Each structure stands twice: as structure tokens, then as C-alpha cells.
file target-v2.txt (compact mmCIF, C-alpha atoms)
# COMPACT_ATOMS: atom_id res chain seq x y z
CA MET F 73 -62.14 -17.18 -96.21
CA GLN F 74 -65.89 -17.98 -96.36
CA LYS F 75 -65.62 -19.77 -93.05
CA LYS F 76 -64.07 -16.67 -91.55
CA ILE F 77 -66.85 -14.43 -92.89
CA ILE F 78 -69.51 -16.76 -91.49
CA LYS F 79 -67.77 -16.92 -88.11
CA PHE F 80 -67.34 -13.17 -88.05
CA SER F 81 -71.03 -12.57 -88.98
CA ILE F 82 -72.27 -14.97 -86.31
CA ILE F 83 -70.06 -13.37 -83.62
CA LEU F 84 -71.21 -9.92 -84.73
CA LEU F 85 -74.85 -11.03 -84.58
CA ILE F 86 -74.43 -12.50 -81.09
CA ILE F 87 -72.70 -9.33 -79.83
CA PHE F 88 -75.49 -7.24 -81.35
CA ILE F 89 -78.27 -9.32 -79.77
CA ILE F 90 -76.54 -9.25 -76.35
CA GLY F 91 -76.10 -5.48 -76.76
CA VAL F 92 -79.78 -4.94 -77.56
CA PHE F 93 -80.85 -7.03 -74.56
CA PHE F 94 -78.34 -5.31 -72.28
CA ILE F 95 -79.55 -1.81 -73.24
CA GLY F 96 -83.23 -2.89 -73.25
CA LEU F 97 -83.12 -4.53 -69.82
CA ASN F 98 -81.26 -1.63 -68.23
CA LYS F 99 -83.68 0.92 -69.62
CA ASN F 100 -86.33 2.12 -67.19
CA SER F 101 -89.68 1.17 -68.67
CA ILE F 102 -91.77 2.99 -66.07
CA TYR F 103 -93.55 5.95 -67.58
CA ASP F 104 -92.10 9.31 -66.67
CA THR F 105 -92.61 12.78 -68.00
CA LYS F 106 -89.06 13.99 -68.41
CA ASP F 107 -89.69 14.48 -72.14
CA LEU F 108 -92.36 17.05 -71.35
CA VAL F 109 -89.95 19.35 -69.51
CA GLY F 110 -88.94 22.15 -71.88
CA GLN F 111 -92.03 21.73 -74.06
CA LYS F 112 -94.40 24.64 -74.46
CA ILE F 113 -98.04 24.23 -73.57
CA THR F 114 -100.35 25.11 -76.43
CA ASN F 115 -104.03 25.03 -77.38
CA ILE F 116 -105.19 25.25 -73.80
CA GLN F 117 -108.85 25.92 -73.18
CA LEU F 118 -110.08 25.33 -69.66
CA LYS F 119 -113.58 26.10 -68.41
CA HIS F 120 -113.68 28.43 -65.43
CA PHE F 121 -115.03 26.76 -62.30
CA SER F 122 -117.84 29.19 -61.56
CA GLU F 123 -117.97 31.76 -64.35
CA ASP F 124 -118.87 31.25 -67.99
CA ILE F 125 -115.37 32.06 -69.29
CA ILE F 126 -112.55 30.10 -70.85
CA ILE F 127 -109.02 30.15 -69.43
CA THR F 128 -106.43 30.06 -72.22
CA GLU F 129 -102.63 30.17 -72.44
CA LYS F 130 -102.89 33.98 -72.75
CA ASP F 131 -103.93 34.07 -69.09
CA PHE F 132 -100.72 32.24 -68.10
CA LYS F 133 -98.55 34.77 -69.93
CA LYS F 134 -99.53 37.45 -67.42
CA ASN F 135 -97.75 35.61 -64.59
CA ASP F 136 -94.03 35.11 -64.02
CA PHE F 137 -94.69 31.53 -62.95
CA THR F 138 -97.84 29.44 -62.82
CA LEU F 139 -98.39 26.21 -60.97
CA ILE F 140 -101.25 24.27 -62.52
CA ASN F 141 -102.55 21.85 -59.93
CA PHE F 142 -105.00 19.04 -60.80
CA TRP F 143 -107.08 18.02 -57.83
CA ALA F 144 -110.44 16.61 -56.70
CA SER F 145 -112.35 16.40 -53.44
CA TRP F 146 -112.44 12.58 -53.70
CA CYS F 147 -108.65 12.37 -53.96
CA GLY F 148 -106.94 11.49 -50.67
CA PRO F 149 -103.37 12.56 -51.57
CA CYS F 150 -104.76 15.98 -52.62
CA ARG F 151 -105.47 16.62 -48.93
CA ASP F 152 -101.82 15.84 -48.07
CA GLU F 153 -100.43 18.45 -50.45
CA HIS F 154 -103.01 21.10 -49.60
CA PRO F 155 -101.08 22.75 -46.70
CA LEU F 156 -98.05 23.17 -49.00
CA LEU F 157 -100.23 24.73 -51.70
CA LEU F 158 -101.51 27.21 -49.11
CA GLU F 159 -97.87 28.07 -48.32
CA LEU F 160 -97.10 28.51 -52.03
CA LYS F 161 -99.99 30.97 -52.29
CA LYS F 162 -97.86 33.47 -50.34
CA GLU F 163 -95.29 33.67 -53.19
CA LYS F 164 -95.81 36.89 -55.13
CA LYS F 165 -94.28 35.74 -58.40
CA LEU F 166 -96.26 32.51 -58.46
CA LYS F 167 -99.91 32.12 -59.43
CA LEU F 168 -101.79 28.95 -58.67
CA LEU F 169 -104.36 27.58 -61.07
CA GLY F 170 -106.41 24.72 -59.72
CA VAL F 171 -108.08 22.34 -62.15
CA ASN F 172 -110.90 20.48 -60.48
CA PHE F 173 -110.77 17.01 -62.06
CA LYS F 174 -113.84 14.76 -62.57
CA ASP F 175 -115.53 16.13 -59.47
CA LYS F 176 -118.92 17.35 -58.26
CA LYS F 177 -119.10 21.10 -57.82
CA VAL F 178 -120.71 20.87 -54.36
CA ASN F 179 -118.00 18.53 -53.09
CA ALA F 180 -115.24 20.69 -54.57
CA ILE F 181 -116.60 23.83 -52.87
CA GLY F 182 -116.93 21.90 -49.59
CA PHE F 183 -113.30 20.74 -49.88
CA LEU F 184 -112.03 24.32 -50.35
CA ASN F 185 -114.24 25.65 -47.55
CA ASP F 186 -112.89 23.04 -45.16
CA LEU F 187 -109.19 23.21 -46.04
CA GLY F 188 -108.82 26.72 -47.49
CA ASN F 189 -108.53 27.94 -51.06
CA PRO F 190 -104.93 28.23 -52.29
CA TYR F 191 -105.88 29.00 -55.89
CA ASP F 192 -105.74 32.37 -57.66
CA ASP F 193 -107.93 30.91 -60.37
CA LEU F 194 -110.03 27.81 -60.59
CA ALA F 195 -110.98 25.74 -63.63
CA LYS F 196 -112.95 22.53 -64.03
CA ASP F 197 -112.52 19.45 -66.15
CA GLU F 198 -115.63 17.36 -65.59
CA LEU F 199 -114.76 14.56 -68.02
CA GLY F 200 -110.97 14.70 -67.70
CA LYS F 201 -110.58 15.25 -71.45
CA LEU F 202 -109.00 18.72 -71.17
CA SER F 203 -106.33 17.40 -68.80
CA VAL F 204 -105.02 15.12 -71.57
CA ASN F 205 -103.59 18.31 -73.14
CA PHE F 206 -101.32 18.52 -70.10
CA GLY F 207 -100.29 14.86 -70.19
CA ILE F 208 -102.20 14.12 -66.99
CA TYR F 209 -102.86 10.46 -66.16
CA GLY F 210 -103.88 10.60 -62.52
CA ILE F 211 -104.28 13.11 -59.73
CA PRO F 212 -102.84 14.95 -57.94
CA GLU F 213 -100.44 16.22 -60.57
CA SER F 214 -98.94 19.69 -60.91
CA ILE F 215 -97.13 21.51 -63.69
CA LEU F 216 -94.84 24.47 -63.15
CA ILE F 217 -94.63 26.76 -66.16
CA ASN F 218 -92.95 30.10 -66.78
CA LYS F 219 -94.06 33.24 -68.61
CA ASP F 220 -93.07 31.72 -71.96
CA LEU F 221 -95.43 28.80 -71.25
CA GLU F 222 -92.48 26.44 -71.01
CA ILE F 223 -92.91 23.44 -68.72
CA LEU F 224 -90.22 23.70 -66.02
CA LYS F 225 -91.23 20.69 -64.01
CA LYS F 226 -94.05 18.18 -63.74
CA PHE F 227 -94.88 16.79 -60.31
CA ILE F 228 -96.60 13.43 -60.33
CA GLY F 229 -98.39 12.67 -57.08
CA PRO F 230 -98.80 15.07 -54.16
CA ILE F 231 -96.36 17.97 -53.82
CA SER F 232 -93.75 16.94 -51.26
CA LYS F 233 -91.62 19.20 -49.04
CA ASP F 234 -88.72 18.74 -51.48
CA ASP F 235 -90.97 19.76 -54.37
CA TYR F 236 -92.07 22.79 -52.35
CA LYS F 237 -88.43 23.83 -51.80
CA TYR F 238 -87.71 23.27 -55.51
CA ILE F 239 -90.60 25.54 -56.53
CA ILE F 240 -89.60 28.23 -54.01
CA ASN F 241 -86.00 28.18 -55.29
CA ILE F 242 -87.09 28.69 -58.88
CA VAL F 243 -89.66 31.38 -58.10
CA ARG F 244 -87.39 33.41 -55.83
CA LYS F 245 -84.41 33.39 -58.24
CA MET V 97 -126.59 -4.78 -120.89
CA ARG V 98 -123.73 -7.00 -119.75
CA VAL V 99 -121.31 -4.07 -119.98
CA LYS V 100 -123.66 -1.94 -117.86
CA ILE V 101 -123.85 -4.61 -115.15
CA ILE V 102 -120.04 -4.96 -115.07
CA PHE V 103 -119.70 -1.17 -114.96
CA PHE V 104 -122.20 -1.02 -112.04
CA PHE V 105 -120.25 -3.58 -110.02
CA VAL V 106 -116.92 -1.88 -110.73
CA ILE V 107 -118.28 1.47 -109.43
CA LEU V 108 -119.84 -0.27 -106.40
CA ASN V 109 -116.53 -1.97 -105.59
CA LEU V 110 -114.60 1.29 -105.88
CA ASN V 111 -117.04 3.02 -103.54
CA MET V 112 -116.77 0.23 -100.99
CA ALA V 113 -112.97 0.32 -101.14
CA ASN V 114 -113.05 4.08 -100.61
CA ALA V 115 -115.43 3.78 -97.69
CA GLU V 116 -113.11 1.26 -96.05
CA THR V 117 -110.03 3.47 -96.33
CA ASN V 118 -111.90 6.54 -95.03
CA SER V 119 -113.34 4.95 -91.91
CA ILE V 120 -111.08 4.71 -88.87
CA ASP V 121 -111.26 1.67 -86.66
CA ILE V 122 -111.37 3.07 -83.10
CA ASN V 123 -110.68 -0.36 -81.59
CA LYS V 124 -107.49 -0.73 -83.61
CA ILE V 125 -106.25 2.62 -82.25
CA LEU V 126 -107.25 1.82 -78.65
CA LYS V 127 -105.55 -1.57 -78.84
CA ASN V 128 -102.32 0.13 -79.90
CA LEU V 129 -102.42 2.51 -76.91
CA ARG V 130 -100.86 1.49 -73.61
CA CYS V 131 -102.79 2.11 -70.40
CA LEU V 132 -100.11 3.98 -68.46
CA ILE V 133 -101.44 3.12 -65.03
CA CYS V 134 -102.20 -0.56 -65.72
CA GLN V 135 -100.03 -3.66 -65.76
CA GLY V 136 -99.67 -4.82 -69.37
CA GLN V 137 -103.09 -3.70 -70.53
CA SER V 138 -104.04 -1.67 -73.55
CA VAL V 139 -106.48 1.24 -73.33
CA ALA V 140 -109.00 -0.96 -75.16
CA ASP V 141 -108.77 -3.71 -72.50
CA SER V 142 -108.73 -1.44 -69.46
CA ASN V 143 -111.60 0.18 -67.61
CA SER V 144 -109.44 2.48 -65.50
CA GLU V 145 -110.10 6.22 -65.18
CA PHE V 146 -107.17 6.96 -67.47
CA ALA V 147 -108.30 4.49 -70.15
CA GLN V 148 -111.86 5.83 -70.06
CA THR V 149 -110.60 9.39 -70.57
CA ILE V 150 -108.32 8.37 -73.46
CA LYS V 151 -111.23 6.50 -75.09
CA LEU V 152 -113.30 9.71 -74.98
CA VAL V 153 -110.43 11.80 -76.37
CA VAL V 154 -109.76 9.36 -79.25
CA LYS V 155 -113.49 9.28 -80.08
CA ASP V 156 -113.59 13.10 -80.10
CA GLN V 157 -110.57 13.31 -82.36
CA ILE V 158 -112.08 10.81 -84.82
CA ASP V 159 -115.30 12.86 -84.82
CA ASP V 160 -113.17 15.96 -85.55
CA GLY V 161 -111.84 14.21 -88.65
CA LYS V 162 -108.33 13.50 -87.37
CA SER V 163 -106.44 10.62 -88.98
CA GLU V 164 -104.99 7.66 -87.09
CA LYS V 165 -101.48 9.13 -87.48
CA GLN V 166 -102.59 12.54 -86.15
CA ILE V 167 -104.19 10.91 -83.10
CA TYR V 168 -100.99 8.97 -82.30
CA LYS V 169 -98.90 12.12 -82.84
CA PHE V 170 -101.08 14.10 -80.42
CA LEU V 171 -100.91 11.43 -77.70
CA ILE V 172 -97.14 10.90 -78.18
CA GLU V 173 -96.65 14.66 -77.74
CA LYS V 174 -98.52 14.54 -74.43
CA TYR V 175 -97.41 11.20 -72.97
CA GLY V 176 -94.27 10.24 -74.93
CA GLU V 177 -93.68 7.26 -77.22
CA TRP V 178 -94.36 4.92 -74.31
CA ILE V 179 -98.09 5.29 -74.89
CA VAL V 180 -98.04 3.45 -78.24
CA TYR V 181 -97.33 -0.25 -78.47
CA LYS V 182 -96.19 0.05 -82.09
CA PRO V 183 -93.25 2.46 -81.94
CA PRO V 184 -92.92 4.99 -84.78
CA PHE V 185 -90.08 4.69 -87.31
CA ASN V 186 -87.50 7.29 -86.34
CA LYS V 187 -83.75 7.65 -85.69
CA VAL V 188 -84.05 6.03 -82.26
CA ASN V 189 -86.23 3.11 -83.31
CA PHE V 190 -84.87 2.38 -86.78
CA VAL V 191 -82.84 -0.62 -85.59
CA LEU V 192 -85.98 -2.16 -84.14
CA TRP V 193 -87.73 -1.90 -87.50
CA LEU V 194 -84.78 -2.87 -89.72
CA PHE V 195 -83.35 -5.67 -87.56
CA PRO V 196 -85.77 -8.41 -88.74
CA TYR V 197 -85.05 -7.59 -92.39
CA LEU V 198 -81.30 -7.39 -91.75
CA THR V 199 -81.37 -10.77 -89.99
CA PHE V 200 -83.32 -12.19 -92.92
CA VAL V 201 -80.75 -10.91 -95.46
CA ILE V 202 -77.70 -11.90 -93.39
CA GLY V 203 -79.23 -15.32 -92.73
CA GLY V 204 -79.84 -15.76 -96.46
CA VAL V 205 -76.23 -14.84 -97.24
CA ILE V 206 -74.93 -17.32 -94.66
CA ILE V 207 -77.14 -20.10 -96.02
CA PHE V 208 -76.09 -19.24 -99.59
CA LEU V 209 -72.40 -19.35 -98.68
CA PHE V 210 -72.91 -22.57 -96.76
CA MET V 211 -74.71 -24.23 -99.70
CA LYS V 212 -72.10 -22.99 -102.15
CA LYS V 213 -69.36 -24.43 -100.03
CA ARG V 214 -71.15 -27.79 -99.81
CA ASP V 215 -71.63 -27.89 -103.60
CA ASN V 216 -67.91 -27.24 -104.13
CA HIS V 217 -67.06 -30.22 -101.97
call {"tool": "encode", "arguments": {"input": "target-v2.txt", "output": "C-alpha cells"}}
result
Amino acid sequence: MQKKIIKFSIILLIIFIIGVFFIGLNKNSIYDTKDLVGQKITNIQLKHFSEDIIITEKDFKKNDFTLINFWASWCGPCRDEHPLLLELKKEKKLKLLGVNFKDKKVNAIGFLNDLGNPYDDLAKDELGKLSVNFGIYGIPESILINKDLEILKKFIGPISKDDYKYIINIVRK
Amino acid sequence: MRVKIIFFFVILNLNMANAETNSIDINKILKNLRCLICQGQSVADSNSEFAQTIKLVVKDQIDDGKSEKQIYKFLIEKYGEWIVYKPPFNKVNFVLWLFPYLTFVIGGVIIFLFMKKRDNH
């Protein structure tokens, strides 16, 4: 009887260890932000780019949809997504908020003068600390939120054509 | 006199113990935070843009009087559990925390039964 219990326990232990390894090795360990989708953004305080005012979540509630785009003049991929942002500017139900990330004001203004300004509003985050509230870990990154401040989608890296279509579909629904 | 000296040292010790529990070790927190854009580096070890920003945020939160737990909670809310090396005890991770103890107990039972069996022979 004891022998059976020992055998059974050992087999159970081996199955358990194999199970843990199997699940662990199949799990994707690359960081993604799927957990953020559905969360509400709170306690947002962003400094306006040129005026002495603070942009808060109350400002987002005025819009049906807001795309918060984190960018900088020194960021190469930000140039790639810029034409698509200019296209998105044409959408009536969508407002674009640009957050200038760890950048020099002169360079940022130069960037917008050269490529066009797609943003309805512009904020700045000189030290990058405010962007932590949005779960940002690199730029460009964009967050699509609705009127209820719920995160609908987070785009890591430059907005692609597929992302553009995805945003259009949601906004035009 | 002797009683006064003992009393003095007891008070001093209590104060020092209190001071230790109240102060937060920023390095301990940074070492437990994963640099999300690095390969196997903690925020403490990395000098990347992301790590530098997180260092500033953690410092700010300590200055604001937040506890170690509150700082982890804030960062987990923003970046998910992946950002901490030491996963929190919850319904998803409970096996991870209990498994070593379970193995210890089961192992003990097996050894006990094995020894008992040997004694009987």
C-alpha cells in the first residue's frame, strides 16, 4: 500500500513538473499591453506644449474618441507614421493629442513645421515621467481611448496602414 | 544610574529599529523591476531611456511617501506583472509560491514512509 502511495506521489509530481514547464515554455514572455485594453485612464495631468495650462482626463471626455500619440523630433519611426496621422486628422469624431516626449521645443516645432501638424492639442513630457501613467516604454506609441476614457487599443511602434484602418473602422462605426 | 543607562540604550535601539522600517531602500525596489526593453536586466542595472525614467518615477513616489507595495502596485497597473521580478501572491501565482513548501512536505512524507518501511523490515 505504502509503495503504491509513494509511486503515485512521484508520478503525480513528475506530471506536475512537466505540466508547469510545458505551460511556462509555451507562454509568450515578451511584454505586451493587452492587459491595458479595457482599463480606464485616470489621474492624467499633462503640461500643454506652449500654454501654461494642464491637460486632464476631463479634456478627453469632450471627444468621442481620442488618439494620444507619443512622439519626438529625434525619433525616426515617428516620421514614418506622420502621414497617417495627418490622414487621421480628417476624421471628425477623432481628436489627436500629441505628447512631445523628451524633446527640445525648438526641434519639436521644426518637426511640425516641416511635416505638418496633425494634432488638435499638444502636450509635452520633458522628463518622460508623465508618460509612465500611460504605460509608455518607448516611442512612438499611441493609445486610442473613447469618451468614457477606456483604452480601446494601444499601438506600440509607428502606426501602420492596418492600424490606420482599425482606427477608422472604430471611429466611423 | 545603571538602570538609566540600560533605559537609554533600549530607547536608542527602538528608535533605530523604527528608522530602519520607515526608510525605503530605492535600490531594492529598482533591482526588483524588470527593464522592459533590455535583455535580462533590471531597472537598477540598466541605463536605457526607459530605466532612467522609471528610476525618476520611483524616486518621486518615495519622496511622496508611497510605500514599496504602493510603488509596485502603481507600476503593475501601468505595465502588468511582467515588470516585477518577484511576482505578487494571487490566484494566478499561488502555485509558484506554494510549490516549494508543498514539495518540502510531500518529500518529508515520502522519506518518513520510506524510513518507517525500512524500520519494519
call {"tool": "interface_residues", "arguments": {"input": "target-v2.txt", "of": "chain V", "to": "chain F", "cutoff": "12 Å", "atoms": "all atoms listed in the file", "output": "PyMOL selection string"}}
result
chain V and resi 130-136+144-157+170-180+189+191-192+195-196+198-214
call {"tool": "residues_around", "arguments": {"input": "target-v2.txt", "residues": "F:Val171", "least_positions_apart": "2", "cutoff": "9 Å", "atoms": "all atoms listed in the file", "output": "VMD selection string"}}
result
chain F and resid 118 120 to 121 140 to 144 169 173 193 to 197 203
call {"tool": "write_last_selection", "arguments": {"input": "target-v2.txt", "atoms": "C-alpha atoms", "output": "PDB file, in the coordinates of the input"}}
result
ATOM      1  CA  LEU F 118    -110.080  25.330 -69.660  1.00  0.00           C
ATOM      2  CA  HIS F 120    -113.680  28.430 -65.430  1.00  0.00           C
ATOM      3  CA  PHE F 121    -115.030  26.760 -62.300  1.00  0.00           C
ATOM      4  CA  ILE F 140    -101.250  24.270 -62.520  1.00  0.00           C
ATOM      5  CA  ASN F 141    -102.550  21.850 -59.930  1.00  0.00           C
ATOM      6  CA  PHE F 142    -105.000  19.040 -60.800  1.00  0.00           C
ATOM      7  CA  TRP F 143    -107.080  18.020 -57.830  1.00  0.00           C
ATOM      8  CA  ALA F 144    -110.440  16.610 -56.700  1.00  0.00           C
ATOM      9  CA  LEU F 169    -104.360  27.580 -61.070  1.00  0.00           C
ATOM     10  CA  PHE F 173    -110.770  17.010 -62.060  1.00  0.00           C
ATOM     11  CA  ASP F 193    -107.930  30.910 -60.370  1.00  0.00           C
ATOM     12  CA  LEU F 194    -110.030  27.810 -60.590  1.00  0.00           C
ATOM     13  CA  ALA F 195    -110.980  25.740 -63.630  1.00  0.00           C
ATOM     14  CA  LYS F 196    -112.950  22.530 -64.030  1.00  0.00           C
ATOM     15  CA  ASP F 197    -112.520  19.450 -66.150  1.00  0.00           C
ATOM     16  CA  SER F 203    -106.330  17.400 -68.800  1.00  0.00           C
TER      17      SER F 203
END
call {"tool": "atom_distance", "arguments": {"input": "target-v2.txt", "atom1": "atom CA of F:Trp146", "atom2": "atom CA of F:Gly170"}}
result
14.8 Å
call {"tool": "closest_residue", "arguments": {"input": "target-v2.txt", "among": "F:Asn218, F:Gln117, F:Thr138, F:Asn179", "to": "F:Tyr191", "atoms": "only C-alpha atoms"}}
result
F:Thr138
call {"tool": "atom_distance", "arguments": {"input": "target-v2.txt", "atom1": "atom CA of F:Phe183", "atom2": "atom CA of F:Asp136"}}
result
27.9 Å
call {"tool": "decode", "arguments": {"input": "target-v2.txt", "residues": "stretch 201-215 of chain F", "atoms": "N, CA and C atoms", "output": "PDB file, in the first residue's frame"}}
result
ATOM      1  N   LYS F 201       8.355  61.310 -17.357  1.00  0.00           N
ATOM      2  CA  LYS F 201       7.719  60.754 -16.159  1.00  0.00           C
ATOM      3  C   LYS F 201       6.195  60.655 -16.296  1.00  0.00           C
ATOM      4  N   LEU F 202       5.597  61.650 -16.982  1.00  0.00           N
ATOM      5  CA  LEU F 202       4.136  61.664 -17.109  1.00  0.00           C
ATOM      6  C   LEU F 202       3.649  60.528 -18.011  1.00  0.00           C
ATOM      7  N   SER F 203       4.498  60.121 -18.939  1.00  0.00           N
ATOM      8  CA  SER F 203       4.118  59.064 -19.878  1.00  0.00           C
ATOM      9  C   SER F 203       4.019  57.703 -19.190  1.00  0.00           C
ATOM     10  N   VAL F 204       4.659  57.562 -18.030  1.00  0.00           N
ATOM     11  CA  VAL F 204       4.573  56.306 -17.277  1.00  0.00           C
ATOM     12  C   VAL F 204       3.116  56.023 -16.904  1.00  0.00           C
ATOM     13  N   ASN F 205       2.338  57.087 -16.681  1.00  0.00           N
ATOM     14  CA  ASN F 205       0.909  56.934 -16.372  1.00  0.00           C
ATOM     15  C   ASN F 205       0.153  56.241 -17.490  1.00  0.00           C
ATOM     16  N   PHE F 206       0.697  56.297 -18.702  1.00  0.00           N
ATOM     17  CA  PHE F 206       0.057  55.662 -19.854  1.00  0.00           C
ATOM     18  C   PHE F 206       0.712  54.313 -20.194  1.00  0.00           C
ATOM     19  N   GLY F 207       1.641  53.881 -19.385  1.00  0.00           N
ATOM     20  CA  GLY F 207       2.330  52.611 -19.658  1.00  0.00           C
ATOM     21  C   GLY F 207       3.239  52.684 -20.864  1.00  0.00           C
ATOM     22  N   ILE F 208       3.813  53.866 -21.103  1.00  0.00           N
ATOM     23  CA  ILE F 208       4.684  54.048 -22.267  1.00  0.00           C
ATOM     24  C   ILE F 208       6.098  53.571 -21.934  1.00  0.00           C
ATOM     25  N   TYR F 209       6.727  52.832 -22.842  1.00  0.00           N
ATOM     26  CA  TYR F 209       8.121  52.440 -22.578  1.00  0.00           C
ATOM     27  C   TYR F 209       9.046  52.721 -23.760  1.00  0.00           C
ATOM     28  N   GLY F 210       8.539  53.387 -24.754  1.00  0.00           N
ATOM     29  CA  GLY F 210       9.364  53.768 -25.899  1.00  0.00           C
ATOM     30  C   GLY F 210       8.478  54.572 -26.826  1.00  0.00           C
ATOM     31  N   ILE F 211       9.061  55.237 -27.803  1.00  0.00           N
ATOM     32  CA  ILE F 211       8.204  55.957 -28.747  1.00  0.00           C
ATOM     33  C   ILE F 211       8.577  55.573 -30.174  1.00  0.00           C
ATOM     34  N   PRO F 212       7.663  55.686 -31.142  1.00  0.00           N
ATOM     35  CA  PRO F 212       6.293  56.172 -30.975  1.00  0.00           C
ATOM     36  C   PRO F 212       5.368  55.115 -30.375  1.00  0.00           C
ATOM     37  N   GLU F 213       4.431  55.574 -29.583  1.00  0.00           N
ATOM     38  CA  GLU F 213       3.353  54.735 -29.075  1.00  0.00           C
ATOM     39  C   GLU F 213       2.082  55.575 -29.130  1.00  0.00           C
ATOM     40  N   SER F 214       0.956  54.909 -29.351  1.00  0.00           N
ATOM     41  CA  SER F 214      -0.321  55.633 -29.407  1.00  0.00           C
ATOM     42  C   SER F 214      -1.380  54.862 -28.639  1.00  0.00           C
ATOM     43  N   ILE F 215      -2.293  55.609 -28.044  1.00  0.00           N
ATOM     44  CA  ILE F 215      -3.380  54.983 -27.288  1.00  0.00           C
ATOM     45  C   ILE F 215      -4.700  55.543 -27.799  1.00  0.00           C
TER      46      ILE F 215
END
